[in-house]
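*Asks:* Here you go, one structure.
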Amino acid sequence: MRVTLNGIVAADDDVEIYQWFGFAAFSPKAVRDAVASTPEGEELVLEINSGGGSVFAGSEIYSVLRSSGIHTVAEVQSLAASAASYMCLACDEVRISPVAQMMLHLPSTYTEGNRTAHMQSIQMLDSTREAILNAYELKAGGKADRAEFRRMMNAETWLTAQEAVDCGLADGIIGETASIAPQNVMNAIGSGIRALGCAGMPDITELRARYMAEQHPTPETDPAPTASTGGEPDADTGDWQAQARLDLEKIRF
């Protein structure tokens, strides 16, 4: 069975919002459904084309695949970047197209508040980095160590297909029986993933506000808050729940 995972890695509650505004996106539910739908005795092949997204959604997908109980294969067809670069490593096999790339970098977030709030965010980002490093180190099997992957994340590193194989993040190159000579491009490129237009990830806060405004319009005398007006969440429409969850799910990767 084959399933295509294209676009932004999103939480289950957010994927519909991205798709409403025309962005390709997938969530852990798509992977859970694929695992449940795979016929007995068949392998599940995931076609990966993603610039990343939510670190928590990526971690959930990783965990679902790692405990799936079926043979799973990840095929990186164009790009497995950011959250997608470790999400797919839970598969039993990772194959990468000779024209595809993988990209590793540090997670990011935003913080408002006093010094303590910012220090808490730093601690959270450090913990998140170490959790992601667990996935890289486990997959590499000694071909590259934790310190090397940490260096790659710090530098925002782009890996060619052969480099991904050499450092242990991929098991083989699709359609190739021999190695491709490395080109020594294991470093950051320009302004990174933003330069390729993969992300510029859309701001889910703004999209959620616009989505709620369009889905649940209020009378003109009581306009729904939007990202442009800066209004407070409306308890009557349930926006406060979305805002509360956003405060907990603000790490981007």
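Labels for the structure tokens follow display order: chains A, B, ..., residues from 1 in each chain, ligands from 1.
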At most 8 Å is the cut-off: for each residue in segment 39-120 of chain A with any atom that close to an atom of segment 152-168 of chain A, write down the nearest atom pair and the distance in Å rounded to one decimal, counting only C-alpha atoms, chain first then increasing number, as JSON lines.

*Replies:*
```
{"residue": "A:Ile96", "atom": "CA", "partner": "A:Ala161", "partner_atom": "CA", "distance": 6.0}
{"residue": "A:Ser97", "atom": "CA", "partner": "A:Ala161", "partner_atom": "CA", "distance": 6.6}
{"residue": "A:Pro98", "atom": "CA", "partner": "A:Ala161", "partner_atom": "CA", "distance": 5.4}
{"residue": "A:Val99", "atom": "CA", "partner": "A:Ala161", "partner_atom": "CA", "distance": 6.9}
{"residue": "A:Ala100", "atom": "CA", "partner": "A:Ala161", "partner_atom": "CA", "distance": 6.0}
{"residue": "A:Gln101", "atom": "CA", "partner": "A:Thr160", "partner_atom": "CA", "distance": 5.0}
{"residue": "A:Met102", "atom": "CA", "partner": "A:Leu159", "partner_atom": "CA", "distance": 5.1}
{"residue": "A:Met103", "atom": "CA", "partner": "A:Trp158", "partner_atom": "CA", "distance": 4.4}
{"residue": "A:Leu104", "atom": "CA", "partner": "A:Met153", "partner_atom": "CA", "distance": 5.1}
{"residue": "A:His105", "atom": "CA", "partner": "A:Met153", "partner_atom": "CA", "distance": 3.9}
{"residue": "A:Leu106", "atom": "CA", "partner": "A:Met153", "partner_atom": "CA", "distance": 5.2}
```

*Asks:* Quick one: DSSP strand (DSSP E) residues in segment 2-230 of chain A, as a VMD selection string?

*Replies:* chain A and resid 2 to 9 25 to 26 44 to 53 72 to 81 93 to 96 101 to 104 157 to 159 172 to 173

*Asks:* Just give me the gap between atom CA of Glu206 of chain A and atom CA of Gly7 of chain A in Å, one decimal is fine.

*Replies:*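 Between atom CA of Glu206 of chain A and atom CA of Gly7 of chain A the gap works out to 18.4 Å.
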
*Asks:* How far is it from atom CA of Tyr211 of chain A to atom CA of Ala10 of chain A, in Å with one decimal?

*Replies:*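 A separation of 15.4 Å between them.
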
*Asks:* Taking only C-alpha atoms into account, which of A:Ala11, A:Ile174, A:Ile17, A:Cys88 comes nearest Gln215 of chain A?

*Replies:*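 Under the stated criterion, the closest residue is A:Ile17.
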
*Asks:* I'd like to know which of A:Gly142, A:Gly58, A:Pro217, A:Gly172 is closest to Ala90 of chain A, using only C-alpha atoms.

*Replies:*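 Among A:Gly142, A:Gly58, A:Pro217, A:Gly172, it is A:Gly58 that comes nearest to Ala90 of chain A.
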
*Asks:* Which residues are near Asp145 of chain A? Cut-off 12 Å, only C-alpha atoms, ignore same chain within fewer than 6 positions. Put them as number ranges by chain.

*Replies:* A: 133-139, 151-152, 167-169

*Asks:* Could you write out the selected residues, including all heavy atoms, as an mmCIF file, in the first residue's frame?

*Replies:*
```cif
data_model
loop_
_atom_site.group_PDB
_atom_site.id
_atom_site.type_symbol
_atom_site.label_atom_id
_atom_site.label_comp_id
_atom_site.auth_asym_id
_atom_site.auth_seq_id
_atom_site.Cartn_x
_atom_site.Cartn_y
_atom_site.Cartn_z
ATOM 1 N N LEU A 133 17.263 14.841 18.132
ATOM 2 C CA LEU A 133 18.554 14.171 17.979
ATOM 3 C C LEU A 133 18.453 12.679 18.284
ATOM 4 O O LEU A 133 19.182 11.873 17.702
ATOM 5 C CB LEU A 133 19.599 14.828 18.887
ATOM 6 C CG LEU A 133 20.205 16.136 18.364
ATOM 7 C CD1 LEU A 133 20.964 16.853 19.477
ATOM 8 C CD2 LEU A 133 21.118 15.869 17.169
ATOM 9 N N ASN A 134 17.547 12.305 19.189
ATOM 10 C CA ASN A 134 17.349 10.882 19.471
ATOM 11 C C ASN A 134 16.987 10.119 18.194
ATOM 12 O O ASN A 134 17.489 9.015 17.948
ATOM 13 C CB ASN A 134 16.242 10.691 20.504
ATOM 14 C CG ASN A 134 16.662 11.118 21.898
ATOM 15 O OD1 ASN A 134 17.849 11.230 22.198
ATOM 16 N ND2 ASN A 134 15.682 11.374 22.758
ATOM 17 N N ALA A 135 16.101 10.709 17.388
ATOM 18 C CA ALA A 135 15.673 10.047 16.152
ATOM 19 C C ALA A 135 16.826 9.922 15.170
ATOM 20 O O ALA A 135 17.016 8.865 14.551
ATOM 21 C CB ALA A 135 14.519 10.821 15.519
ATOM 22 N N TYR A 136 17.619 10.988 14.996
ATOM 23 C CA TYR A 136 18.755 10.931 14.076
ATOM 24 C C TYR A 136 19.773 9.887 14.536
ATOM 25 O O TYR A 136 20.267 9.076 13.747
ATOM 26 C CB TYR A 136 19.433 12.300 13.987
ATOM 27 C CG TYR A 136 18.600 13.393 13.365
ATOM 28 C CD1 TYR A 136 18.668 14.693 13.851
ATOM 29 C CD2 TYR A 136 17.744 13.145 12.303
ATOM 30 C CE1 TYR A 136 17.914 15.719 13.287
ATOM 31 C CE2 TYR A 136 16.978 14.154 11.737
ATOM 32 C CZ TYR A 136 17.071 15.445 12.233
ATOM 33 O OH TYR A 136 16.322 16.448 11.685
ATOM 34 N N GLU A 137 20.092 9.917 15.828
ATOM 35 C CA GLU A 137 21.118 9.014 16.348
ATOM 36 C C GLU A 137 20.677 7.558 16.262
ATOM 37 O O GLU A 137 21.463 6.675 15.888
ATOM 38 C CB GLU A 137 21.447 9.385 17.792
ATOM 39 C CG GLU A 137 22.611 8.606 18.373
ATOM 40 C CD GLU A 137 22.958 9.060 19.788
ATOM 41 O OE1 GLU A 137 22.051 9.560 20.502
ATOM 42 O OE2 GLU A 137 24.124 8.920 20.180
ATOM 43 N N LEU A 138 19.426 7.289 16.585
ATOM 44 C CA LEU A 138 18.927 5.916 16.506
ATOM 45 C C LEU A 138 18.986 5.387 15.075
ATOM 46 O O LEU A 138 19.362 4.232 14.836
ATOM 47 C CB LEU A 138 17.495 5.846 17.029
ATOM 48 C CG LEU A 138 17.317 5.880 18.546
ATOM 49 C CD1 LEU A 138 15.848 6.077 18.904
ATOM 50 C CD2 LEU A 138 17.849 4.594 19.178
ATOM 51 N N LYS A 139 18.597 6.219 14.114
ATOM 52 C CA LYS A 139 18.600 5.774 12.721
ATOM 53 C C LYS A 139 20.011 5.580 12.193
ATOM 54 O O LYS A 139 20.276 4.631 11.442
ATOM 55 C CB LYS A 139 17.857 6.791 11.848
ATOM 56 C CG LYS A 139 17.811 6.425 10.360
ATOM 57 C CD LYS A 139 17.114 5.097 10.127
ATOM 58 C CE LYS A 139 17.093 4.726 8.661
ATOM 59 N NZ LYS A 139 16.484 3.394 8.430
ATOM 60 N N ARG A 151 25.808 19.379 15.196
ATOM 61 C CA ARG A 151 26.472 20.374 14.352
ATOM 62 C C ARG A 151 25.656 20.638 13.087
ATOM 63 O O ARG A 151 25.509 21.793 12.661
ATOM 64 C CB ARG A 151 27.878 19.888 13.969
ATOM 65 C CG ARG A 151 28.680 20.920 13.187
ATOM 66 C CD ARG A 151 29.873 20.325 12.495
ATOM 67 N NE ARG A 151 29.479 19.464 11.383
ATOM 68 C CZ ARG A 151 29.072 19.909 10.198
ATOM 69 N NH1 ARG A 151 28.972 21.200 9.969
ATOM 70 N NH2 ARG A 151 28.754 19.056 9.246
ATOM 71 N N MET A 152 25.122 19.583 12.489
ATOM 72 C CA MET A 152 24.302 19.748 11.290
ATOM 73 C C MET A 152 23.073 20.607 11.577
ATOM 74 O O MET A 152 22.709 21.479 10.785
ATOM 75 C CB MET A 152 23.864 18.387 10.752
ATOM 76 C CG MET A 152 24.965 17.529 10.192
ATOM 77 S SD MET A 152 24.261 15.988 9.510
ATOM 78 C CE MET A 152 25.742 15.007 9.287
ATOM 79 N N CYS A 167 25.604 9.218 6.098
ATOM 80 C CA CYS A 167 25.506 9.499 7.535
ATOM 81 C C CYS A 167 24.444 8.652 8.225
ATOM 82 O O CYS A 167 24.197 8.804 9.427
ATOM 83 C CB CYS A 167 25.245 10.983 7.784
ATOM 84 S SG CYS A 167 23.588 11.563 7.358
ATOM 85 N N GLY A 168 23.799 7.758 7.474
ATOM 86 C CA GLY A 168 22.904 6.778 8.066
ATOM 87 C C GLY A 168 21.441 7.168 8.142
ATOM 88 O O GLY A 168 20.632 6.407 8.671
ATOM 89 N N LEU A 169 21.070 8.324 7.597
ATOM 90 C CA LEU A 169 19.666 8.722 7.645
ATOM 91 C C LEU A 169 18.831 8.070 6.554
ATOM 92 O O LEU A 169 17.602 8.061 6.638
ATOM 93 C CB LEU A 169 19.539 10.248 7.574
ATOM 94 C CG LEU A 169 20.156 11.024 8.732
ATOM 95 C CD1 LEU A 169 19.816 12.500 8.631
ATOM 96 C CD2 LEU A 169 19.724 10.464 10.087
#
```

*Asks:* Give me, as a ChimeraX atom specification, all polymer residues having an atom no more than 12 Å from Ile61 of chain A, counting only C-alpha atoms and skipping those fewer than 4 positions away in the same chain.

*Replies:* /A:5,9-12,26-35,46,54-57,65-68,83-91

*Asks:* Select, from A:Val76, A:Ala81, A:Ala36, A:Leu125, the residue with the minimum atom-to-atom distance to Gly51 of chain A, counting only C-alpha atoms.

*Replies:*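 Among the listed residues, A:Ala81 lies closest to Gly51 of chain A.
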
*Asks:* One decimal, in Å: what's the spacing between atom CA of Ala117 of chain A and atom CA of Ile204 of chain A?

*Replies:*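 Atom CA of Ile204 of chain A lies 21.6 Å from atom CA of Ala117 of chain A.
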